[in-house]
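I have placed the structure first, in the form of structure tokens, so that the comments after it can refer back to it.
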Amino acid sequence: APADDTERRLAHIWEQVLGQSDIGTQTSFFNLGGNSLKIIRMGQMVNKEFNTTFTTEKHHNGRKGSRPVYILKMKKPIAIIGMGLMAGDADNPETFWQFVAQGRRGFNTLSAIRQQDITDRFGPCEITRGGYLYRVDLFDHHYFNISQAEAVRMDQEQRLLLTCAVKAVHNAGYRVSELKAREIGVFHTYGLTRYSSFFDDTDEYAANAHHAGMGGARIAAFMDWRGPVLSINTACSSSLSALYYACESIAAGDCTMALAAGANLGVVARATGKAVPSVISQEGAGVEKAILGEGVFCFLLKDAAAAIRDQDPIHAVIRGGAINHAGGRSQDIDIPSPAAQGEVIRKAWKNRGTDPARIRFIETKGTGNIMGDRLEFSGLAAAFEGLAASTWFIYL
């Protein structure tokens with residue numbers, strides 16, 4: 001007989017699907033008339049009852065003509081319980097959401113104080129409009145137990161990631177002290193930093209101060225977090241890859257919570273003394289422009305069931321994901337492959353048992369050029385290709 005509420009609820013679902021009563025924990029699904037269609041229906045009912053995602057995998061015992069065995073696998077949804085972010089003119093999640101809801105653009109000119117720093121170092125130079133952070137030099141080194149000399153030398157990305165990580169913890173309703181000594185992971189990234197070009201010498205702090213892998217190490221050391229710490233670099237997809245592996249680490253039990261974090265700034269390069277934050281290309285008669293956007297984000301993640309149990313705030317739930325590479329299918333190494341993009345989208349659906357017909361909104365990368373946008377759309381089309389015709393609409 002069912003031993004607890006979970007087993008009783010599962011038994012009730014079996015009774016509904018099989019039309020049988022007195023279901024026990026050792027009852028064979030197939031001996032009571034179960035088949036592949038019924039187990040799919042059962043999985044759908046389990047998803048709805050437990051607000052989670054189950055997938056079924058079909059296996060044979062290796063003997064010819066043997067009956068398939070279906071293993072019910074639970075995939076953990078991951079909740080975003082805390083957020084800290086700065087992007088363009090938005091220095092917190094609430095302001096950022098207002099920008100999105102109002103359809104506003106975060107473009108601006110570089111602030112006078114940052115412009116002066118660059119002029120003092122490299123001389124006068126023209127800097128185009130972009131999505132710049134107002135200040136990148138503010139940092140409470142006393143709070144983070146870092147000497148002023150080391151703080152000055154540290155990449156601005158490291159300082160901003162530390163600050164943003166604390167904001168994410170507070171946004172989740174925790175004090176930093178409450179999470180000490182826990183198995184919390186850090187999966188982070190920041191791009192090619194140019195802050196080192198502001199220095200002529202190499203001192204005792206330089207090696208760690210300008211090392212992209214140190215961003216997460218500093219966060220874990222300050223927080224006293226003891227889960228995995230990984231620096232992720234997959235070029236343009238680095239932040240998404242960090243988020244993906246943070247979710248997978250929680251699902252695998254490597255950590256109970258994880259911080260996914262990324263930073264990108266547009267500091268000038270000393271080699272030229274110029275700031276060229278926009279990339280402009282021309283194709284046919286049209287001119288395309290991708291404008292640099294600066295930003296820092298930190299998402300504190302947790303198993304959704306645990307977040308509900310602990311009454312954590314839940315900003316969103318990540319139900320699935322997938323990752324791949326185009327291999328040799330791209331025309332060039334920096335050109336996306338529609339076939340590979342279609343495959344990884346389908347893989348994400350399969351990993352979490354998602355019905356594509358329920359999808360209503362897709363946020364795309366938006367490359368800012370005709371070729372890249374066209375290839376990305378082709379990848380989406382490839383993902384939906386072959387599905388049953390329907391009248392549903394999807395917003396991009």
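In the structure tokens, each chain is lettered A, B, ... as it comes, each chain's residues begin at 1, and ligands are numbered from 1 in order of appearance.
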Inset, instruction - Taking the DSSP assignment computed from this structure's backbone, write out as a count of residues only all residues of range 169-376 of chain A that belong to strand (DSSP E). - result: 42
Inset, instruction - Go through A:Ser231, A:Gln44, A:Gly293, A:Asn351 and flag the residue nearest Ala90 in chain A, using only C-alpha atoms for the distances. - result: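 Nearest candidate to Ala90 in chain A out of A:Ser231, A:Gln44, A:Gly293, A:Asn351: A:Gly293.
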Legend entry - Test item: residues at most 6 Å from range 238-247 of chain A, only C-alpha atoms, excluding those fewer than 3 positions along its chain, as a VMD selection string: chain A and resid 187 to 188 232 to 235 250 258 260 262
Legend entry - Closest of A:Ile345, A:Ala383, A:Leu138, A:Val317 to Ile81 in chain A - atom-to-atom distances counting only C-alpha atoms: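 Residue with the minimum atom-to-atom distance to Ile81 in chain A: A:Val317.
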Inset, instruction - Would you mind listing what lies within 9 Å of Ala172 in chain A as JSON, numbers by chain, with only C-alpha atoms counted and same-chain residues fewer than 4 positions away left out? - result: {"A": [80, 81, 82, 83, 167, 168, 300, 312, 313, 314]}
Legend entry - All alpha helix (DSSP H) residues (DSSP, backbone) inside range 87-116 of chain A, as a list in words: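 Matching residues, listed in order: Pro93, Glu94, Thr95, Phe96, Trp97, Gln98, Phe99, Val100, Ala101, Gln102, Ala112, Ile113, Arg114, Gln115 and Gln116 of chain A.
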I need the residues from that last selection saved to file as a short mmCIF file (atom, residue, chain, number, x, y, z; two decimals), in the first residue's frame (with all heavy atoms), if you can.
data_model
loop_
_atom_site.label_atom_id
_atom_site.label_comp_id
_atom_site.auth_asym_id
_atom_site.auth_seq_id
_atom_site.Cartn_x
_atom_site.Cartn_y
_atom_site.Cartn_z
N PRO A 93 17.30 45.26 -10.87
CA PRO A 93 16.32 44.49 -11.66
C PRO A 93 15.02 45.25 -11.91
O PRO A 93 14.41 45.11 -12.98
CB PRO A 93 16.08 43.25 -10.80
CG PRO A 93 17.32 43.10 -9.98
CD PRO A 93 17.76 44.51 -9.69
N GLU A 94 14.58 46.03 -10.92
CA GLU A 94 13.31 46.74 -11.07
C GLU A 94 13.37 47.77 -12.19
O GLU A 94 12.46 47.86 -13.03
CB GLU A 94 12.94 47.43 -9.75
CG GLU A 94 12.64 46.47 -8.60
CD GLU A 94 13.87 45.82 -8.01
OE1 GLU A 94 14.98 46.39 -8.17
OE2 GLU A 94 13.74 44.75 -7.40
N THR A 95 14.45 48.55 -12.23
CA THR A 95 14.60 49.54 -13.30
C THR A 95 14.76 48.86 -14.66
O THR A 95 14.20 49.31 -15.66
CB THR A 95 15.81 50.44 -13.03
OG1 THR A 95 15.66 51.06 -11.75
CG2 THR A 95 15.92 51.53 -14.09
N PHE A 96 15.50 47.75 -14.69
CA PHE A 96 15.68 47.03 -15.94
C PHE A 96 14.34 46.54 -16.47
O PHE A 96 14.05 46.62 -17.67
CB PHE A 96 16.63 45.86 -15.72
CG PHE A 96 16.91 45.06 -16.96
CD1 PHE A 96 17.81 45.52 -17.91
CD2 PHE A 96 16.26 43.86 -17.20
CE1 PHE A 96 18.07 44.80 -19.07
CE2 PHE A 96 16.51 43.13 -18.35
CZ PHE A 96 17.42 43.60 -19.28
N TRP A 97 13.48 46.02 -15.57
CA TRP A 97 12.17 45.54 -16.01
C TRP A 97 11.31 46.68 -16.54
O TRP A 97 10.55 46.51 -17.50
CB TRP A 97 11.46 44.82 -14.87
CG TRP A 97 10.07 44.39 -15.26
CD1 TRP A 97 8.89 44.84 -14.79
CD2 TRP A 97 9.74 43.42 -16.28
NE1 TRP A 97 7.84 44.23 -15.41
CE2 TRP A 97 8.33 43.35 -16.33
CE3 TRP A 97 10.50 42.62 -17.13
CZ2 TRP A 97 7.67 42.50 -17.21
CZ3 TRP A 97 9.83 41.78 -18.02
CH2 TRP A 97 8.44 41.72 -18.05
N GLN A 98 11.43 47.85 -15.94
CA GLN A 98 10.68 49.01 -16.45
C GLN A 98 11.11 49.33 -17.88
O GLN A 98 10.27 49.66 -18.73
CB GLN A 98 10.91 50.22 -15.54
CG GLN A 98 10.24 50.10 -14.18
CD GLN A 98 10.56 51.28 -13.28
OE1 GLN A 98 11.17 52.27 -13.71
NE2 GLN A 98 10.17 51.19 -12.01
N PHE A 99 12.40 49.24 -18.15
CA PHE A 99 12.89 49.46 -19.52
C PHE A 99 12.24 48.47 -20.48
O PHE A 99 11.80 48.83 -21.57
CB PHE A 99 14.41 49.30 -19.57
CG PHE A 99 15.17 50.56 -19.27
CD1 PHE A 99 15.07 51.17 -18.03
CD2 PHE A 99 15.98 51.15 -20.21
CE1 PHE A 99 15.76 52.33 -17.74
CE2 PHE A 99 16.69 52.31 -19.94
CZ PHE A 99 16.57 52.91 -18.70
N VAL A 100 12.20 47.19 -20.08
CA VAL A 100 11.64 46.15 -20.94
C VAL A 100 10.14 46.38 -21.14
O VAL A 100 9.63 46.34 -22.26
CB VAL A 100 11.89 44.76 -20.33
CG1 VAL A 100 11.19 43.68 -21.16
CG2 VAL A 100 13.39 44.47 -20.26
N ALA A 101 9.42 46.63 -20.04
CA ALA A 101 7.97 46.78 -20.10
C ALA A 101 7.56 48.00 -20.92
O ALA A 101 6.53 47.98 -21.61
CB ALA A 101 7.40 46.88 -18.68
N GLN A 102 8.36 49.05 -20.87
CA GLN A 102 8.05 50.28 -21.60
C GLN A 102 8.67 50.33 -22.98
O GLN A 102 8.46 51.29 -23.73
CB GLN A 102 8.51 51.48 -20.77
CG GLN A 102 7.82 51.61 -19.42
CD GLN A 102 8.48 52.65 -18.52
OE1 GLN A 102 9.39 53.37 -18.94
NE2 GLN A 102 8.04 52.71 -17.27
N ALA A 112 30.67 61.65 -17.94
CA ALA A 112 31.79 62.59 -17.94
C ALA A 112 32.96 62.07 -17.10
O ALA A 112 34.13 62.23 -17.48
CB ALA A 112 31.34 63.95 -17.44
N ILE A 113 32.67 61.43 -15.97
CA ILE A 113 33.74 60.97 -15.10
C ILE A 113 34.52 59.83 -15.75
O ILE A 113 35.75 59.75 -15.62
CB ILE A 113 33.18 60.55 -13.72
CG1 ILE A 113 34.33 60.29 -12.74
CG2 ILE A 113 32.26 59.33 -13.81
CD1 ILE A 113 33.88 60.15 -11.30
N ARG A 114 33.83 58.94 -16.48
CA ARG A 114 34.54 57.86 -17.16
C ARG A 114 35.31 58.40 -18.37
O ARG A 114 36.41 57.95 -18.67
CB ARG A 114 33.55 56.77 -17.59
CG ARG A 114 32.93 56.02 -16.43
CD ARG A 114 32.09 54.85 -16.92
NE ARG A 114 32.88 53.84 -17.61
CZ ARG A 114 32.37 52.79 -18.24
NH1 ARG A 114 31.05 52.62 -18.27
NH2 ARG A 114 33.17 51.92 -18.84
N GLN A 115 34.71 59.36 -19.05
CA GLN A 115 35.38 59.98 -20.19
C GLN A 115 36.68 60.65 -19.75
O GLN A 115 37.71 60.57 -20.42
CB GLN A 115 34.45 61.00 -20.84
CG GLN A 115 35.06 61.79 -21.98
CD GLN A 115 35.21 60.96 -23.24
OE1 GLN A 115 34.23 60.51 -23.80
NE2 GLN A 115 36.44 60.78 -23.71
N GLN A 116 36.62 61.29 -18.57
CA GLN A 116 37.80 61.97 -18.06
C GLN A 116 38.91 60.98 -17.72
O GLN A 116 40.10 61.24 -17.97
CB GLN A 116 37.43 62.79 -16.82
CG GLN A 116 38.55 63.72 -16.34
CD GLN A 116 38.92 64.75 -17.40
OE1 GLN A 116 38.05 65.45 -17.93
NE2 GLN A 116 40.21 64.84 -17.72
#
Inset, instruction - Tell me which protein, DNA and RNA residues are within 12 Å of Ala326 in chain A, counting only C-alpha atoms, leaving out same-chain ones fewer than 5 positions away, and put them as a list of chain:residue names. - result: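 The residues that qualify are A:Gln331, A:Asp332, A:Ile333, A:Asp334, A:Ile335, A:Pro336, A:Ser337, A:Pro338, A:Ala339, A:Ala340, A:Gln341, A:Gly342, A:Glu343, A:Val344, A:Gly379.
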Residues from last step as file, C-alpha atoms, as an mmCIF file, in the first residue's frame:
data_model
loop_
_atom_site.group_PDB
_atom_site.id
_atom_site.type_symbol
_atom_site.label_atom_id
_atom_site.label_comp_id
_atom_site.auth_asym_id
_atom_site.auth_seq_id
_atom_site.Cartn_x
_atom_site.Cartn_y
_atom_site.Cartn_z
ATOM 1 C CA GLN A 331 30.511 28.534 -43.240
ATOM 2 C CA ASP A 332 33.032 30.147 -40.897
ATOM 3 C CA ILE A 333 33.912 29.790 -37.242
ATOM 4 C CA ASP A 334 32.033 32.959 -36.259
ATOM 5 C CA ILE A 335 28.933 32.262 -38.392
ATOM 6 C CA PRO A 336 26.069 30.382 -36.683
ATOM 7 C CA SER A 337 24.685 27.136 -38.076
ATOM 8 C CA PRO A 338 20.863 26.997 -38.435
ATOM 9 C CA ALA A 339 20.999 23.192 -38.357
ATOM 10 C CA ALA A 340 22.927 23.149 -35.059
ATOM 11 C CA GLN A 341 20.646 25.776 -33.530
ATOM 12 C CA GLY A 342 17.570 23.800 -34.519
ATOM 13 C CA GLU A 343 19.062 20.661 -32.990
ATOM 14 C CA VAL A 344 19.913 22.257 -29.652
ATOM 15 C CA GLY A 379 17.466 27.772 -36.866
#
Legend entry - Coordinates-based distance that separates CA of Ala79 in chain A from CA of Arg41 in chain A (Å, one decimal): 26.1 Å
Inset, instruction - Considering only C-alpha atoms, state which residue in the set A:Phe222, A:Trp14, A:Phe198, A:Tyr174 is at the smallest distance from Gly43 in chain A. - result: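 Nearest to Gly43 in chain A: A:Trp14.
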Got a sec: who's within 12 Å of Gly33 in chain A, counting only C-alpha atoms, leaving out chain neighbours fewer than 4 positions off, as a PDB file with all heavy atoms, in the first residue's frame?
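Listed below is the output, part04.pdb:
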ATOM      1  N   TRP A  14      -2.342   6.461 -11.423  1.00  0.00           N
ATOM      2  CA  TRP A  14      -2.345   5.143 -12.084  1.00  0.00           C
ATOM      3  C   TRP A  14      -3.777   4.624 -12.221  1.00  0.00           C
ATOM      4  O   TRP A  14      -4.150   4.060 -13.260  1.00  0.00           O
ATOM      5  CB  TRP A  14      -1.517   4.148 -11.264  1.00  0.00           C
ATOM      6  CG  TRP A  14      -0.045   4.203 -11.522  1.00  0.00           C
ATOM      7  CD1 TRP A  14       0.715   5.321 -11.671  1.00  0.00           C
ATOM      8  CD2 TRP A  14       0.831   3.095 -11.661  1.00  0.00           C
ATOM      9  NE1 TRP A  14       2.022   4.980 -11.884  1.00  0.00           N
ATOM     10  CE2 TRP A  14       2.133   3.625 -11.885  1.00  0.00           C
ATOM     11  CE3 TRP A  14       0.661   1.716 -11.601  1.00  0.00           C
ATOM     12  CZ2 TRP A  14       3.243   2.805 -12.056  1.00  0.00           C
ATOM     13  CZ3 TRP A  14       1.774   0.905 -11.769  1.00  0.00           C
ATOM     14  CH2 TRP A  14       3.058   1.447 -11.999  1.00  0.00           C
ATOM     15  N   GLU A  15      -4.569   4.782 -11.173  1.00  0.00           N
ATOM     16  CA  GLU A  15      -5.958   4.301 -11.207  1.00  0.00           C
ATOM     17  C   GLU A  15      -6.753   4.995 -12.306  1.00  0.00           C
ATOM     18  O   GLU A  15      -7.541   4.362 -13.019  1.00  0.00           O
ATOM     19  CB  GLU A  15      -6.623   4.528  -9.848  1.00  0.00           C
ATOM     20  CG  GLU A  15      -6.053   3.653  -8.733  1.00  0.00           C
ATOM     21  CD  GLU A  15      -6.584   4.028  -7.364  1.00  0.00           C
ATOM     22  OE1 GLU A  15      -7.373   5.017  -7.285  1.00  0.00           O
ATOM     23  OE2 GLU A  15      -6.218   3.362  -6.382  1.00  0.00           O
ATOM     24  N   VAL A  17      -5.506   6.397 -15.095  1.00  0.00           N
ATOM     25  CA  VAL A  17      -4.987   6.038 -16.418  1.00  0.00           C
ATOM     26  C   VAL A  17      -5.353   4.603 -16.783  1.00  0.00           C
ATOM     27  O   VAL A  17      -5.739   4.316 -17.929  1.00  0.00           O
ATOM     28  CB  VAL A  17      -3.454   6.227 -16.456  1.00  0.00           C
ATOM     29  CG1 VAL A  17      -2.879   5.680 -17.768  1.00  0.00           C
ATOM     30  CG2 VAL A  17      -3.091   7.695 -16.299  1.00  0.00           C
ATOM     31  N   LEU A  18      -5.269   3.685 -15.820  1.00  0.00           N
ATOM     32  CA  LEU A  18      -5.453   2.259 -16.101  1.00  0.00           C
ATOM     33  C   LEU A  18      -6.878   1.778 -15.886  1.00  0.00           C
ATOM     34  O   LEU A  18      -7.225   0.656 -16.294  1.00  0.00           O
ATOM     35  CB  LEU A  18      -4.498   1.436 -15.225  1.00  0.00           C
ATOM     36  CG  LEU A  18      -2.998   1.677 -15.448  1.00  0.00           C
ATOM     37  CD1 LEU A  18      -2.175   0.967 -14.379  1.00  0.00           C
ATOM     38  CD2 LEU A  18      -2.577   1.207 -16.831  1.00  0.00           C
ATOM     39  N   GLY A  19      -7.696   2.601 -15.222  1.00  0.00           N
ATOM     40  CA  GLY A  19      -9.058   2.163 -14.935  1.00  0.00           C
ATOM     41  C   GLY A  19      -9.100   1.041 -13.919  1.00  0.00           C
ATOM     42  O   GLY A  19      -9.999   0.195 -13.946  1.00  0.00           O
ATOM     43  N   GLN A  20      -8.111   0.989 -13.040  1.00  0.00           N
ATOM     44  CA  GLN A  20      -8.006  -0.046 -12.022  1.00  0.00           C
ATOM     45  C   GLN A  20      -8.026   0.593 -10.640  1.00  0.00           C
ATOM     46  O   GLN A  20      -7.799   1.804 -10.479  1.00  0.00           O
ATOM     47  CB  GLN A  20      -6.700  -0.833 -12.201  1.00  0.00           C
ATOM     48  CG  GLN A  20      -6.510  -1.463 -13.566  1.00  0.00           C
ATOM     49  CD  GLN A  20      -7.253  -2.776 -13.710  1.00  0.00           C
ATOM     50  OE1 GLN A  20      -7.765  -3.311 -12.728  1.00  0.00           O
ATOM     51  NE2 GLN A  20      -7.328  -3.282 -14.929  1.00  0.00           N
ATOM     52  N   THR A  27       2.992  -2.949  -7.921  1.00  0.00           N
ATOM     53  CA  THR A  27       2.142  -3.317  -9.055  1.00  0.00           C
ATOM     54  C   THR A  27       2.848  -3.034 -10.370  1.00  0.00           C
ATOM     55  O   THR A  27       3.485  -2.000 -10.534  1.00  0.00           O
ATOM     56  CB  THR A  27       0.812  -2.530  -9.002  1.00  0.00           C
ATOM     57  OG1 THR A  27       0.178  -2.786  -7.753  1.00  0.00           O
ATOM     58  CG2 THR A  27      -0.108  -2.959 -10.139  1.00  0.00           C
ATOM     59  N   SER A  28       2.724  -3.968 -11.326  1.00  0.00           N
ATOM     60  CA  SER A  28       3.317  -3.782 -12.650  1.00  0.00           C
ATOM     61  C   SER A  28       2.380  -2.971 -13.530  1.00  0.00           C
ATOM     62  O   SER A  28       1.208  -3.345 -13.713  1.00  0.00           O
ATOM     63  CB  SER A  28       3.592  -5.145 -13.298  1.00  0.00           C
ATOM     64  OG  SER A  28       3.917  -4.982 -14.669  1.00  0.00           O
ATOM     65  N   PHE A  29       2.878  -1.883 -14.047  1.00  0.00           N
ATOM     66  CA  PHE A  29       2.076  -1.003 -14.908  1.00  0.00           C
ATOM     67  C   PHE A  29       1.578  -1.758 -16.137  1.00  0.00           C
ATOM     68  O   PHE A  29       0.410  -1.660 -16.536  1.00  0.00           O
ATOM     69  CB  PHE A  29       2.917   0.207 -15.316  1.00  0.00           C
ATOM     70  CG  PHE A  29       2.197   1.237 -16.135  1.00  0.00           C
ATOM     71  CD1 PHE A  29       1.399   2.192 -15.524  1.00  0.00           C
ATOM     72  CD2 PHE A  29       2.318   1.254 -17.511  1.00  0.00           C
ATOM     73  CE1 PHE A  29       0.745   3.153 -16.273  1.00  0.00           C
ATOM     74  CE2 PHE A  29       1.663   2.204 -18.270  1.00  0.00           C
ATOM     75  CZ  PHE A  29       0.870   3.160 -17.642  1.00  0.00           C
ATOM     76  N   LEU A  37       1.236   4.634 -24.970  1.00  0.00           N
ATOM     77  CA  LEU A  37       0.349   5.807 -24.985  1.00  0.00           C
ATOM     78  C   LEU A  37      -0.124   6.148 -23.578  1.00  0.00           C
ATOM     79  O   LEU A  37      -0.209   7.327 -23.204  1.00  0.00           O
ATOM     80  CB  LEU A  37      -0.853   5.545 -25.898  1.00  0.00           C
ATOM     81  CG  LEU A  37      -0.536   5.393 -27.394  1.00  0.00           C
ATOM     82  CD1 LEU A  37      -1.809   5.096 -28.170  1.00  0.00           C
ATOM     83  CD2 LEU A  37       0.131   6.652 -27.929  1.00  0.00           C
ATOM     84  N   LYS A  38      -0.434   5.108 -22.793  1.00  0.00           N
ATOM     85  CA  LYS A  38      -0.909   5.362 -21.437  1.00  0.00           C
ATOM     86  C   LYS A  38       0.198   5.918 -20.539  1.00  0.00           C
ATOM     87  O   LYS A  38      -0.063   6.729 -19.649  1.00  0.00           O
ATOM     88  CB  LYS A  38      -1.483   4.082 -20.843  1.00  0.00           C
ATOM     89  CG  LYS A  38      -2.826   3.681 -21.463  1.00  0.00           C
ATOM     90  CD  LYS A  38      -3.409   2.442 -20.809  1.00  0.00           C
ATOM     91  CE  LYS A  38      -4.775   2.097 -21.424  1.00  0.00           C
ATOM     92  NZ  LYS A  38      -5.368   0.886 -20.810  1.00  0.00           N
ATOM     93  N   ILE A  39       1.442   5.464 -20.766  1.00  0.00           N
ATOM     94  CA  ILE A  39       2.512   5.989 -19.919  1.00  0.00           C
ATOM     95  C   ILE A  39       2.811   7.448 -20.257  1.00  0.00           C
ATOM     96  O   ILE A  39       3.193   8.247 -19.395  1.00  0.00           O
ATOM     97  CB  ILE A  39       3.787   5.117 -20.019  1.00  0.00           C
ATOM     98  CG1 ILE A  39       4.658   5.364 -18.779  1.00  0.00           C
ATOM     99  CG2 ILE A  39       4.574   5.405 -21.277  1.00  0.00           C
ATOM    100  CD1 ILE A  39       5.781   4.367 -18.618  1.00  0.00           C
TER     101      ILE A  39
END
Inset, instruction - Rounded to one decimal place, report the CA of Gln158 in chain A-CA of Ala220 in chain A distance in Å. - result: 12.2 Å
Legend entry - Pick from A:Ile23, A:Met214, A:Ile318, A:Ala11 nearest to Leu230 in chain A, counting only C-alpha atoms: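 Comparing A:Ile23, A:Met214, A:Ile318, A:Ala11 against Leu230 in chain A, the winner is A:Met214.
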Inset, instruction - Between CA of Asp117 in chain A and CA of Thr193 in chain A, measure the distance and give it in Å to one decimal. - result: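 Interatomic distance here is 16.2 Å.
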Inset, instruction - Have a look at A:Gln16, A:Gly328, A:Ala263, A:Glu49 and name the one nearest to Gly34 in chain A; count only C-alpha atoms. - result: A:Gln16
Legend entry - Residue among A:His325, A:Arg226, A:Arg121, A:Arg218 lying closest to Tyr195 in chain A, counting only C-alpha atoms: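 Residue with the minimum atom-to-atom distance to Tyr195 in chain A: A:Arg121.
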